[in-house]
file data28.cif (mmCIF, C-alpha atoms)
data_coords
loop_
_atom_site.label_atom_id
_atom_site.label_comp_id
_atom_site.auth_asym_id
_atom_site.auth_seq_id
_atom_site.Cartn_x
_atom_site.Cartn_y
_atom_site.Cartn_z
CA MET M 1 0.00 0.00 0.00
CA LYS M 2 1.36 3.37 -0.93
CA THR M 3 2.20 5.52 2.05
CA LYS M 4 0.37 8.81 2.16
CA PHE M 5 1.12 11.77 4.36
CA THR M 6 -1.45 14.43 5.04
CA LEU M 7 -0.79 17.67 6.81
CA VAL M 8 -3.42 19.94 8.25
CA PHE M 9 -2.41 23.53 7.60
CA VAL M 10 -4.39 25.79 9.91
CA LEU M 11 -4.63 29.50 9.66
CA LEU M 12 -2.55 30.75 12.53
CA VAL M 13 -3.80 34.07 13.80
CA PRO M 14 -0.80 36.41 14.03
CA PHE M 15 -0.28 38.05 17.39
CA TYR M 16 -0.89 41.48 15.94
CA GLY M 17 -4.29 40.28 14.78
CA ILE M 18 -5.45 39.34 18.27
CA ILE M 19 -7.51 42.15 19.73
CA ALA M 20 -6.59 42.77 23.35
CA GLN M 21 -9.41 42.70 25.85
CA LYS M 22 -11.27 45.97 26.23
CA PRO M 23 -12.85 47.33 29.39
CA ILE M 24 -16.58 47.32 29.97
CA SER M 25 -17.83 50.79 30.74
CA VAL M 26 -21.13 51.47 32.50
CA SER M 27 -22.26 55.05 32.99
CA GLU M 28 -25.26 57.14 33.82
CA ASP M 29 -26.88 58.23 30.58
CA SER M 30 -30.17 59.09 28.94
CA LEU M 31 -32.27 57.39 26.31
CA LYS M 32 -34.57 58.98 23.77
CA ILE M 33 -37.75 56.98 23.25
CA GLY M 34 -40.08 58.63 20.80
CA ASN M 35 -40.10 62.30 21.79
CA SER M 36 -39.19 61.60 25.41
CA LEU M 37 -35.70 61.71 26.90
CA LEU M 38 -35.58 59.15 29.70
CA PRO M 39 -32.95 58.86 32.45
CA GLY M 40 -31.00 55.65 32.41
CA LEU M 41 -27.63 54.00 31.91
CA SER M 42 -25.47 52.81 29.06
CA VAL M 43 -22.97 49.97 28.86
CA THR M 44 -20.35 49.08 26.27
CA ILE M 45 -20.15 45.52 24.92
CA PRO M 46 -16.74 45.07 23.25
CA GLU M 47 -16.37 43.16 19.96
CA ALA M 48 -19.89 41.73 20.17
CA ASP M 49 -22.06 40.76 17.21
CA TYR M 50 -25.11 43.01 16.95
CA GLU M 51 -27.72 40.38 16.03
CA LYS M 52 -26.55 37.83 18.60
CA THR M 53 -26.42 40.43 21.35
CA LEU M 54 -29.84 41.80 20.45
CA LYS M 55 -31.29 38.29 20.59
CA GLU M 56 -29.71 37.66 24.00
CA TRP M 57 -30.89 41.03 25.35
CA ILE M 58 -34.49 40.39 24.33
CA LYS M 59 -34.27 36.86 25.76
CA ASP M 60 -32.96 38.25 29.04
CA LEU M 61 -35.72 40.87 29.29
CA GLN M 62 -38.46 38.34 28.56
CA GLY M 63 -37.14 35.74 30.99
CA GLY M 64 -39.65 34.68 33.64
CA THR M 65 -42.51 36.74 32.23
CA LYS M 66 -45.17 36.44 29.56
CA SER M 67 -44.49 40.02 28.51
CA LYS M 68 -42.85 40.52 25.13
CA VAL M 69 -40.39 43.11 23.93
CA VAL M 70 -41.92 45.52 21.43
CA THR M 71 -39.51 47.10 18.93
CA GLU M 72 -40.21 50.22 16.93
CA ASN M 73 -37.55 52.22 15.09
CA ASN M 74 -34.87 50.16 16.93
CA GLU M 75 -36.35 51.34 20.24
CA MET M 76 -37.33 48.46 22.53
CA SER M 77 -39.83 48.45 25.35
CA ILE M 78 -41.20 45.79 27.66
CA PHE M 79 -43.77 46.21 30.41
CA GLY M 80 -43.71 43.99 33.47
CA ALA M 81 -40.17 42.64 33.08
CA LYS M 82 -39.00 40.55 36.02
CA ILE M 83 -35.39 41.45 36.79
CA LYS M 84 -34.91 40.38 40.41
CA SER M 85 -31.35 41.72 40.58
CA VAL M 86 -32.70 45.22 39.84
CA SER M 87 -36.11 45.23 41.56
CA PRO M 88 -38.25 42.67 43.40
CA ASN M 89 -41.26 44.00 41.50
CA PRO M 90 -42.00 43.93 37.76
CA ILE M 91 -40.62 46.97 35.97
CA ASN M 92 -40.80 48.58 32.57
CA VAL M 93 -37.59 48.66 30.54
CA TYR M 94 -36.88 50.90 27.57
CA SER M 95 -33.71 50.20 25.64
CA LYS M 96 -31.75 50.63 22.47
CA LEU M 97 -28.73 48.79 21.08
CA VAL M 98 -26.31 50.79 18.96
CA GLY M 99 -23.41 49.45 16.87
CA LEU M 100 -20.10 51.33 17.04
CA ASP M 101 -16.72 50.69 15.34
CA SER M 102 -15.48 47.83 17.52
CA MET M 103 -18.19 47.49 20.13
CA LEU M 104 -21.86 47.85 20.86
CA GLN M 105 -23.47 50.28 23.26
CA LEU M 106 -26.64 49.35 25.09
CA TYR M 107 -28.83 52.13 26.48
CA ALA M 108 -31.47 51.19 29.06
CA SER M 109 -33.98 53.05 31.16
CA PHE M 110 -35.72 51.28 34.05
CA GLU M 111 -39.15 52.51 35.13
CA LEU M 112 -40.05 51.30 38.63
CA LYS M 113 -43.44 53.00 38.68
CA LYS M 114 -45.16 55.41 36.33
CA ASP M 115 -42.66 58.19 35.61
CA GLN M 116 -40.35 56.92 38.39
CA TYR M 117 -37.03 55.88 36.83
CA ILE M 118 -33.83 54.51 38.28
CA GLU M 119 -31.43 57.40 38.71
CA ARG M 120 -28.34 57.90 40.81
CA SER M 121 -29.82 61.03 42.35
CA ALA M 122 -33.03 59.21 43.33
CA ASP M 123 -31.57 56.08 44.91
CA GLU M 124 -27.90 55.25 44.47
CA ALA M 125 -28.29 51.72 45.86
CA VAL M 126 -30.93 50.81 43.27
CA PHE M 127 -28.92 52.64 40.62
CA ASN M 128 -25.90 50.45 41.45
CA GLN M 129 -28.06 47.34 41.15
CA ALA M 130 -29.07 48.39 37.63
CA ARG M 131 -25.45 49.24 36.83
CA ILE M 132 -24.28 45.80 37.97
CA TYR M 133 -27.09 44.14 36.00
CA LEU M 134 -26.02 45.85 32.77
CA LYS M 135 -22.35 45.19 33.43
CA ASN M 136 -23.04 41.48 34.01
CA PHE M 137 -25.06 41.29 30.81
CA SER M 138 -22.23 42.89 28.85
CA LYS M 139 -19.66 40.67 30.55
CA ALA M 140 -21.65 37.53 29.69
CA GLN M 141 -21.77 38.52 26.02
CA TYR M 142 -18.06 39.33 25.97
CA ILE M 143 -17.16 36.06 27.70
CA ALA M 144 -19.29 34.05 25.26
CA LEU M 145 -17.62 35.77 22.30
CA VAL M 146 -14.05 35.29 23.48
CA LYS M 147 -14.76 31.74 24.66
CA ASP M 148 -15.90 30.88 21.13
CA GLN M 149 -12.66 32.42 19.82
CA ALA M 150 -10.56 30.51 22.35
CA ASP M 151 -12.42 27.27 21.58
CA ALA M 152 -11.79 27.76 17.86
CA GLU M 153 -8.06 28.23 18.46
CA GLU M 154 -7.99 25.24 20.80
CA LYS M 155 -9.65 23.15 18.08
CA LYS M 156 -6.91 24.17 15.64
CA LEU M 157 -4.33 23.15 18.25
CA ARG M 158 -6.00 19.76 18.78
CA GLU M 159 -6.07 19.16 15.01
CA LEU M 160 -2.35 19.85 14.79
CA GLN M 161 -1.63 17.58 17.76
CA LYS M 162 -3.75 14.88 16.15
CA GLU M 163 -1.82 15.31 12.90
CA LEU M 164 1.49 15.01 14.75
CA SER M 165 0.29 11.86 16.50
CA SER M 166 -0.75 10.43 13.14
CA LEU M 167 2.70 11.15 11.68
CA GLU M 168 4.42 9.61 14.71
CA ASN M 169 2.25 6.49 14.41
CA GLU M 170 3.00 6.28 10.69
CA LYS M 171 6.73 6.49 11.34
CA SER M 172 6.49 3.73 13.95
CA ARG M 173 4.50 1.61 11.51
CA MET M 174 7.15 2.05 8.82
CA GLN M 175 9.95 1.20 11.26
CA ARG M 176 8.12 -1.97 12.31
CA SER M 177 7.52 -2.78 8.65
CA ILE M 178 11.24 -2.46 7.88
CA GLN M 179 12.10 -4.77 10.79
CA SER M 180 9.45 -7.27 9.72
CA ASN M 181 10.60 -7.23 6.11
CA ASN M 182 14.24 -7.69 7.12
CA SER M 183 13.23 -10.70 9.21
CA SER M 184 11.20 -12.01 6.30
CA ILE M 185 14.19 -11.68 3.96
CA VAL M 186 16.38 -13.65 6.37
CA SER M 187 13.69 -16.34 6.68
CA GLU M 188 13.14 -16.59 2.92
CA LYS M 189 16.88 -16.80 2.22
CA GLU M 190 17.09 -19.66 4.70
CA ASN M 191 14.23 -21.35 2.89
CA ILE M 192 15.98 -20.87 -0.48
CA SER M 193 19.11 -22.48 0.96
CA THR M 194 17.06 -25.38 2.32
CA GLN M 195 15.23 -25.86 -0.96
CA ASN M 196 18.46 -25.70 -2.98
CA ASN M 197 19.82 -28.52 -0.83
CA GLU M 198 16.60 -30.39 -1.48
CA LEU M 199 17.04 -29.84 -5.24
CA VAL M 200 20.56 -31.24 -5.12
CA THR M 201 19.40 -34.31 -3.22
CA VAL M 202 16.36 -34.89 -5.42
CA SER M 203 18.26 -34.27 -8.69
CA THR M 204 20.93 -36.77 -7.67
CA ALA M 205 18.28 -39.31 -6.77
CA LEU M 206 16.45 -38.73 -10.05
CA THR M 207 19.61 -39.33 -12.03
CA GLU M 208 20.25 -42.59 -10.19
CA GLN M 209 16.65 -43.80 -10.40
CA ASN M 210 16.30 -42.96 -14.09
CA ALA M 211 19.50 -44.89 -14.77
CA LEU M 212 18.10 -47.91 -12.94
CA LEU M 213 14.75 -47.60 -14.71
CA SER M 214 16.44 -47.73 -18.10
CA THR M 215 17.90 -51.15 -17.27
CA MET M 216 14.69 -52.71 -16.00
CA GLU M 217 12.32 -54.93 -17.94
CA ALA M 218 8.63 -54.26 -18.03
CA GLY M 219 6.84 -55.54 -15.01
CA PRO M 220 5.78 -54.65 -11.46
CA SER M 221 9.31 -53.57 -10.46
CA GLN M 222 9.58 -51.16 -13.38
CA LYS M 223 6.15 -49.73 -12.54
CA GLU M 224 7.15 -49.25 -8.89
CA LYS M 225 10.35 -47.51 -9.97
CA SER M 226 8.37 -45.19 -12.25
CA GLU M 227 6.17 -44.21 -9.30
CA GLN M 228 9.27 -43.46 -7.22
CA ILE M 229 10.61 -41.22 -9.99
CA LYS M 230 7.27 -39.36 -10.19
CA GLU M 231 7.41 -38.65 -6.46
CA LEU M 232 10.96 -37.34 -6.85
CA GLU M 233 9.86 -35.08 -9.69
CA LYS M 234 7.03 -33.75 -7.50
CA ARG M 235 9.53 -33.00 -4.75
CA LYS M 236 11.75 -31.24 -7.26
CA LYS M 237 8.87 -29.14 -8.58
CA LYS M 238 7.78 -28.26 -5.06
CA ALA M 239 11.30 -27.13 -4.15
CA GLN M 240 11.54 -25.02 -7.32
CA ASN M 241 8.15 -23.39 -6.62
CA SER M 242 9.16 -22.68 -3.05
CA ILE M 243 12.38 -21.01 -4.22
CA GLU M 244 10.47 -18.85 -6.71
CA ALA M 245 7.93 -17.86 -4.04
CA SER M 246 10.73 -16.91 -1.64
CA GLU M 247 12.44 -14.86 -4.34
CA ARG M 248 9.19 -12.96 -4.98
CA LYS M 249 8.74 -12.32 -1.26
CA ILE M 250 12.32 -11.07 -0.98
CA SER M 251 11.82 -8.77 -3.96
CA LYS M 252 8.63 -7.32 -2.46
CA ALA M 253 10.26 -6.96 0.97
CA ASP M 254 13.23 -5.13 -0.58
CA SER M 255 10.83 -2.82 -2.43
CA ASP M 256 8.85 -2.10 0.75
CA ILE M 257 12.05 -1.41 2.68
CA ASP M 258 13.25 1.02 0.01
CA ARG M 259 9.89 2.81 0.08
CA ASP M 260 9.72 3.06 3.87
CA THR M 261 13.39 4.04 4.15
CA GLY M 262 12.72 6.93 1.75
CA ASP M 263 9.44 7.93 3.43
CA ILE M 264 10.77 8.09 6.99
CA PRO M 265 12.95 11.20 6.42
CA ARG M 266 10.00 12.93 4.74
CA ASN M 267 7.83 11.95 7.66
CA GLU M 268 10.39 13.39 10.10
CA ARG M 269 10.55 16.67 8.19
CA MET M 270 6.77 16.93 8.28
CA GLN M 271 6.78 16.21 12.00
CA GLU M 272 9.16 19.12 12.54
CA LYS M 273 6.89 21.43 10.54
CA VAL M 274 3.85 20.35 12.54
CA LYS M 275 5.75 20.79 15.82
CA GLU M 276 6.60 24.34 14.79
CA GLN M 277 2.94 24.99 13.99
CA ILE M 278 1.92 23.51 17.34
CA ALA M 279 4.31 25.83 19.19
CA LEU M 280 2.87 28.84 17.35
CA GLN M 281 -0.72 27.72 17.85
CA GLU M 282 -0.15 27.04 21.55
CA ALA M 283 0.97 30.66 21.92
CA VAL M 284 -2.05 31.92 19.97
CA TYR M 285 -4.46 29.83 22.05
CA GLN M 286 -2.81 30.98 25.27
CA ARG M 287 -3.34 34.60 24.28
CA PHE M 288 -7.05 33.97 23.88
CA ALA M 289 -7.19 31.94 27.10
CA ASP M 290 -5.48 34.78 28.99
CA LYS M 291 -7.87 37.28 27.42
CA LEU M 292 -10.83 35.18 28.53
CA LYS M 293 -9.43 34.89 32.06
CA THR M 294 -9.02 38.67 32.26
CA ILE M 295 -12.59 39.32 31.09
CA ARG M 296 -13.97 36.83 33.63
CA SER M 297 -12.22 38.82 36.35
CA TYR M 298 -14.11 42.03 35.43
#

call {"tool": "encode", "arguments": {"input": "data28.cif", "output": "structure tokens"}}
result
Amino acid sequence: MKTKFTLVFVLLVPFYGIIAQKPISVSEDSLKIGNSLLPGLSVTIPEADYEKTLKEWIKDLQGGTKSKVVTENNEMSIFGAKIKSVSPNPINVYSKLVGLDSMLQLYASFELKKDQYIERSADEAVFNQARIYLKNFSKAQYIALVKDQADAEEKKLRELQKELSSLENEKSRMQRSIQSNNSSIVSEKENISTQNNELVTVSTALTEQNALLSTMEAGPSQKEKSEQIKELEKRKKKAQNSIEASERKISKADSDIDRDTGDIPRNERMQEKVKEQIALQEAVYQRFADKLKTIRSY
């Protein structure tokens, strides 16, 4: 079987292409809903995808309630949202998600009662609860994003490690094959030697028996001698066939050894290339893992 080497070339993200973690900023702000300017807060969500984040925000607002988010002109509102970390009672939430260059900004206004909104000046403790709620939402989105990035880089690393293992196994297989073929050559050469000795013995016997047969008169003795000669001829043919079979096996073994001997250096060169890729990919993955760890500590 022809030896085949495959090498998985993964796109290694250069270090300069890895975006460093960005801070999450939560601040007191205002939100325009229709013609009204409502007091509220805003939070940055670094690197996040707009559609995914919007879906998660709506899901979060609708959690634990039958109320649905209503969207009009990108302005969202929900009445009777249950956000226990902000208020023990259902509240109304007005919000808007805006896409910036490398981040999103979420604006939210929380109405505790009619025309009573969460503001720092009204109740700083409740304001801080809303601030923490928005920060945790942003953090969760950022963590999910970077975790996906880290998982993707880890997958590339595992593929490279798997490829290296495959190359190592292939090299071991070829080395075992060379050893096995060398042993086979020794065994077949011994068989050829044994069969050559058999040919000498049988050929000598055939010469003698044919000479005797030529002097015998027709009868049972001549017939018996003829049968003996036939058995000797069978032995001779068997020895010749065995020699030819051994010669074919030796030829194939030599060919396999030549192939594997040539493939092993190529295999070793490919292993070195994969090891270099693994070292690079380990560094790339570690950068993402460190980034994820930093974001989780926010």

call {"tool": "closest_residue", "arguments": {"input": "data28.cif", "among": "M:Ala245, M:Lys252, M:Pro46, M:Ala289", "to": "Asp148 (chain M)", "atoms": "only C-alpha atoms"}}
result
M:Ala289

call {"tool": "closest_residue", "arguments": {"input": "data28.cif", "among": "M:Gln277, M:Gln179, M:Asn267, M:Ser255", "to": "Leu160 (chain M)", "atoms": "only C-alpha atoms"}}
result
M:Gln277

call {"tool": "atom_distance", "arguments": {"input": "data28.cif", "atom1": "CA of Phe110 (chain M)", "atom2": "CA of Tyr94 (chain M)"}}
result
6.6 Å

call {"tool": "resolve_selection", "arguments": {"input": "data28.cif", "expression": "the PyMOL selection byres ((chain M and resi 71) around 12)", "output": "MDAnalysis selection string"}}
result
chainID M and resid 33:34 54 58 68:70 72:78 93:97

call {"tool": "atom_distance", "arguments": {"input": "data28.cif", "atom1": "CA of Leu104 (chain M)", "atom2": "CA of Lys291 (chain M)"}}
result
18.7 Å

call {"tool": "closest_residue", "arguments": {"input": "data28.cif", "among": "M:Ala20, M:Gln175, M:Gly63, M:Tyr117", "to": "Asp258 (chain M)", "atoms": "all atoms listed in the file"}}
result
M:Gln175

call {"tool": "resolve_selection", "arguments": {"input": "data28.cif", "expression": "the PyMOL selection byres ((chain M and resi 37) around 12)", "output": "ChimeraX atom specification"}}
result
/M:29-36,38-40,94-95,107-109,115,117

call {"tool": "closest_residue", "arguments": {"input": "data28.cif", "among": "M:Leu134, M:Met174, M:Val202, M:Leu61", "to": "Lys236 (chain M)", "atoms": "only C-alpha atoms"}}
result
M:Val202

call {"tool": "build_atoms", "arguments": {"input": "data28.cif", "residues": "region 265-276 of chain M", "atoms": "all heavy atoms", "output": "PDB file, in the frame of the given file"}}
result
ATOM      1  N   PRO M 265      12.411   9.833   6.324  1.00  0.00           N
ATOM      2  CA  PRO M 265      12.950  11.200   6.420  1.00  0.00           C
ATOM      3  C   PRO M 265      11.907  12.264   6.069  1.00  0.00           C
ATOM      4  O   PRO M 265      11.872  13.330   6.695  1.00  0.00           O
ATOM      5  CB  PRO M 265      14.098  11.204   5.398  1.00  0.00           C
ATOM      6  CG  PRO M 265      14.516   9.778   5.297  1.00  0.00           C
ATOM      7  CD  PRO M 265      13.234   8.997   5.425  1.00  0.00           C
ATOM      8  N   ARG M 266      11.061  11.979   5.076  1.00  0.00           N
ATOM      9  CA  ARG M 266      10.000  12.930   4.740  1.00  0.00           C
ATOM     10  C   ARG M 266       9.020  13.071   5.896  1.00  0.00           C
ATOM     11  O   ARG M 266       8.555  14.167   6.209  1.00  0.00           O
ATOM     12  CB  ARG M 266       9.266  12.479   3.466  1.00  0.00           C
ATOM     13  CG  ARG M 266      10.081  12.679   2.192  1.00  0.00           C
ATOM     14  CD  ARG M 266       9.216  12.486   0.952  1.00  0.00           C
ATOM     15  NE  ARG M 266       8.833  11.103   0.754  1.00  0.00           N
ATOM     16  CZ  ARG M 266       9.560  10.213   0.094  1.00  0.00           C
ATOM     17  NH1 ARG M 266      10.729  10.565  -0.411  1.00  0.00           N
ATOM     18  NH2 ARG M 266       9.125   8.983  -0.065  1.00  0.00           N
ATOM     19  N   ASN M 267       8.710  11.939   6.503  1.00  0.00           N
ATOM     20  CA  ASN M 267       7.830  11.950   7.660  1.00  0.00           C
ATOM     21  C   ASN M 267       8.422  12.798   8.794  1.00  0.00           C
ATOM     22  O   ASN M 267       7.715  13.602   9.426  1.00  0.00           O
ATOM     23  CB  ASN M 267       7.600  10.508   8.145  1.00  0.00           C
ATOM     24  CG  ASN M 267       6.798  10.419   9.431  1.00  0.00           C
ATOM     25  OD1 ASN M 267       7.297  10.728  10.503  1.00  0.00           O
ATOM     26  ND2 ASN M 267       5.562   9.955   9.319  1.00  0.00           N
ATOM     27  N   GLU M 268       9.723  12.638   9.030  1.00  0.00           N
ATOM     28  CA  GLU M 268      10.390  13.390  10.100  1.00  0.00           C
ATOM     29  C   GLU M 268      10.397  14.883   9.818  1.00  0.00           C
ATOM     30  O   GLU M 268      10.221  15.703  10.741  1.00  0.00           O
ATOM     31  CB  GLU M 268      11.811  12.865  10.289  1.00  0.00           C
ATOM     32  CG  GLU M 268      11.853  11.450  10.864  1.00  0.00           C
ATOM     33  CD  GLU M 268      13.243  10.844  10.855  1.00  0.00           C
ATOM     34  OE1 GLU M 268      14.090  11.321  10.060  1.00  0.00           O
ATOM     35  OE2 GLU M 268      13.479   9.896  11.612  1.00  0.00           O
ATOM     36  N   ARG M 269      10.583  15.249   8.548  1.00  0.00           N
ATOM     37  CA  ARG M 269      10.550  16.670   8.190  1.00  0.00           C
ATOM     38  C   ARG M 269       9.149  17.251   8.418  1.00  0.00           C
ATOM     39  O   ARG M 269       8.997  18.372   8.899  1.00  0.00           O
ATOM     40  CB  ARG M 269      10.974  16.870   6.731  1.00  0.00           C
ATOM     41  CG  ARG M 269      12.469  16.630   6.486  1.00  0.00           C
ATOM     42  CD  ARG M 269      12.899  17.132   5.126  1.00  0.00           C
ATOM     43  NE  ARG M 269      12.260  16.418   4.027  1.00  0.00           N
ATOM     44  CZ  ARG M 269      12.750  15.312   3.478  1.00  0.00           C
ATOM     45  NH1 ARG M 269      13.880  14.784   3.943  1.00  0.00           N
ATOM     46  NH2 ARG M 269      12.126  14.735   2.460  1.00  0.00           N
ATOM     47  N   MET M 270       8.131  16.468   8.075  1.00  0.00           N
ATOM     48  CA  MET M 270       6.770  16.930   8.280  1.00  0.00           C
ATOM     49  C   MET M 270       6.446  17.037   9.767  1.00  0.00           C
ATOM     50  O   MET M 270       5.736  17.961  10.199  1.00  0.00           O
ATOM     51  CB  MET M 270       5.792  15.988   7.577  1.00  0.00           C
ATOM     52  CG  MET M 270       5.922  16.002   6.061  1.00  0.00           C
ATOM     53  SD  MET M 270       4.746  14.909   5.222  1.00  0.00           S
ATOM     54  CE  MET M 270       3.255  15.892   5.334  1.00  0.00           C
ATOM     55  N   GLN M 271       6.981  16.125  10.555  1.00  0.00           N
ATOM     56  CA  GLN M 271       6.780  16.210  12.000  1.00  0.00           C
ATOM     57  C   GLN M 271       7.366  17.508  12.545  1.00  0.00           C
ATOM     58  O   GLN M 271       6.753  18.166  13.402  1.00  0.00           O
ATOM     59  CB  GLN M 271       7.441  15.018  12.708  1.00  0.00           C
ATOM     60  CG  GLN M 271       6.662  13.719  12.611  1.00  0.00           C
ATOM     61  CD  GLN M 271       7.176  12.663  13.569  1.00  0.00           C
ATOM     62  OE1 GLN M 271       7.428  12.952  14.739  1.00  0.00           O
ATOM     63  NE2 GLN M 271       7.351  11.443  13.082  1.00  0.00           N
ATOM     64  N   GLU M 272       8.529  17.885  12.072  1.00  0.00           N
ATOM     65  CA  GLU M 272       9.160  19.120  12.540  1.00  0.00           C
ATOM     66  C   GLU M 272       8.309  20.334  12.169  1.00  0.00           C
ATOM     67  O   GLU M 272       8.158  21.267  12.965  1.00  0.00           O
ATOM     68  CB  GLU M 272      10.568  19.259  11.943  1.00  0.00           C
ATOM     69  CG  GLU M 272      11.578  18.278  12.518  1.00  0.00           C
ATOM     70  CD  GLU M 272      11.657  18.355  14.033  1.00  0.00           C
ATOM     71  OE1 GLU M 272      11.778  19.490  14.556  1.00  0.00           O
ATOM     72  OE2 GLU M 272      11.594  17.302  14.689  1.00  0.00           O
ATOM     73  N   LYS M 273       7.750  20.318  10.965  1.00  0.00           N
ATOM     74  CA  LYS M 273       6.890  21.430  10.540  1.00  0.00           C
ATOM     75  C   LYS M 273       5.648  21.517  11.423  1.00  0.00           C
ATOM     76  O   LYS M 273       5.238  22.607  11.834  1.00  0.00           O
ATOM     77  CB  LYS M 273       6.477  21.251   9.083  1.00  0.00           C
ATOM     78  CG  LYS M 273       7.606  21.470   8.084  1.00  0.00           C
ATOM     79  CD  LYS M 273       7.111  21.273   6.658  1.00  0.00           C
ATOM     80  CE  LYS M 273       8.241  21.471   5.647  1.00  0.00           C
ATOM     81  NZ  LYS M 273       7.771  21.248   4.251  1.00  0.00           N
ATOM     82  N   VAL M 274       5.047  20.362  11.710  1.00  0.00           N
ATOM     83  CA  VAL M 274       3.850  20.350  12.540  1.00  0.00           C
ATOM     84  C   VAL M 274       4.184  20.792  13.970  1.00  0.00           C
ATOM     85  O   VAL M 274       3.412  21.516  14.609  1.00  0.00           O
ATOM     86  CB  VAL M 274       3.188  18.961  12.538  1.00  0.00           C
ATOM     87  CG1 VAL M 274       2.004  18.931  13.494  1.00  0.00           C
ATOM     88  CG2 VAL M 274       2.712  18.602  11.140  1.00  0.00           C
ATOM     89  N   LYS M 275       5.343  20.375  14.475  1.00  0.00           N
ATOM     90  CA  LYS M 275       5.750  20.790  15.820  1.00  0.00           C
ATOM     91  C   LYS M 275       5.923  22.310  15.900  1.00  0.00           C
ATOM     92  O   LYS M 275       5.574  22.940  16.902  1.00  0.00           O
ATOM     93  CB  LYS M 275       7.050  20.093  16.214  1.00  0.00           C
ATOM     94  CG  LYS M 275       6.880  18.617  16.553  1.00  0.00           C
ATOM     95  CD  LYS M 275       8.215  17.952  16.844  1.00  0.00           C
ATOM     96  CE  LYS M 275       8.035  16.465  17.146  1.00  0.00           C
ATOM     97  NZ  LYS M 275       9.336  15.785  17.383  1.00  0.00           N
ATOM     98  N   GLU M 276       6.460  22.884  14.828  1.00  0.00           N
ATOM     99  CA  GLU M 276       6.600  24.340  14.790  1.00  0.00           C
ATOM    100  C   GLU M 276       5.228  25.003  14.795  1.00  0.00           C
ATOM    101  O   GLU M 276       5.009  26.004  15.496  1.00  0.00           O
ATOM    102  CB  GLU M 276       7.373  24.753  13.529  1.00  0.00           C
ATOM    103  CG  GLU M 276       8.854  24.371  13.557  1.00  0.00           C
ATOM    104  CD  GLU M 276       9.544  24.634  12.230  1.00  0.00           C
ATOM    105  OE1 GLU M 276       8.881  25.195  11.322  1.00  0.00           O
ATOM    106  OE2 GLU M 276      10.729  24.285  12.091  1.00  0.00           O
TER     107      GLU M 276
END
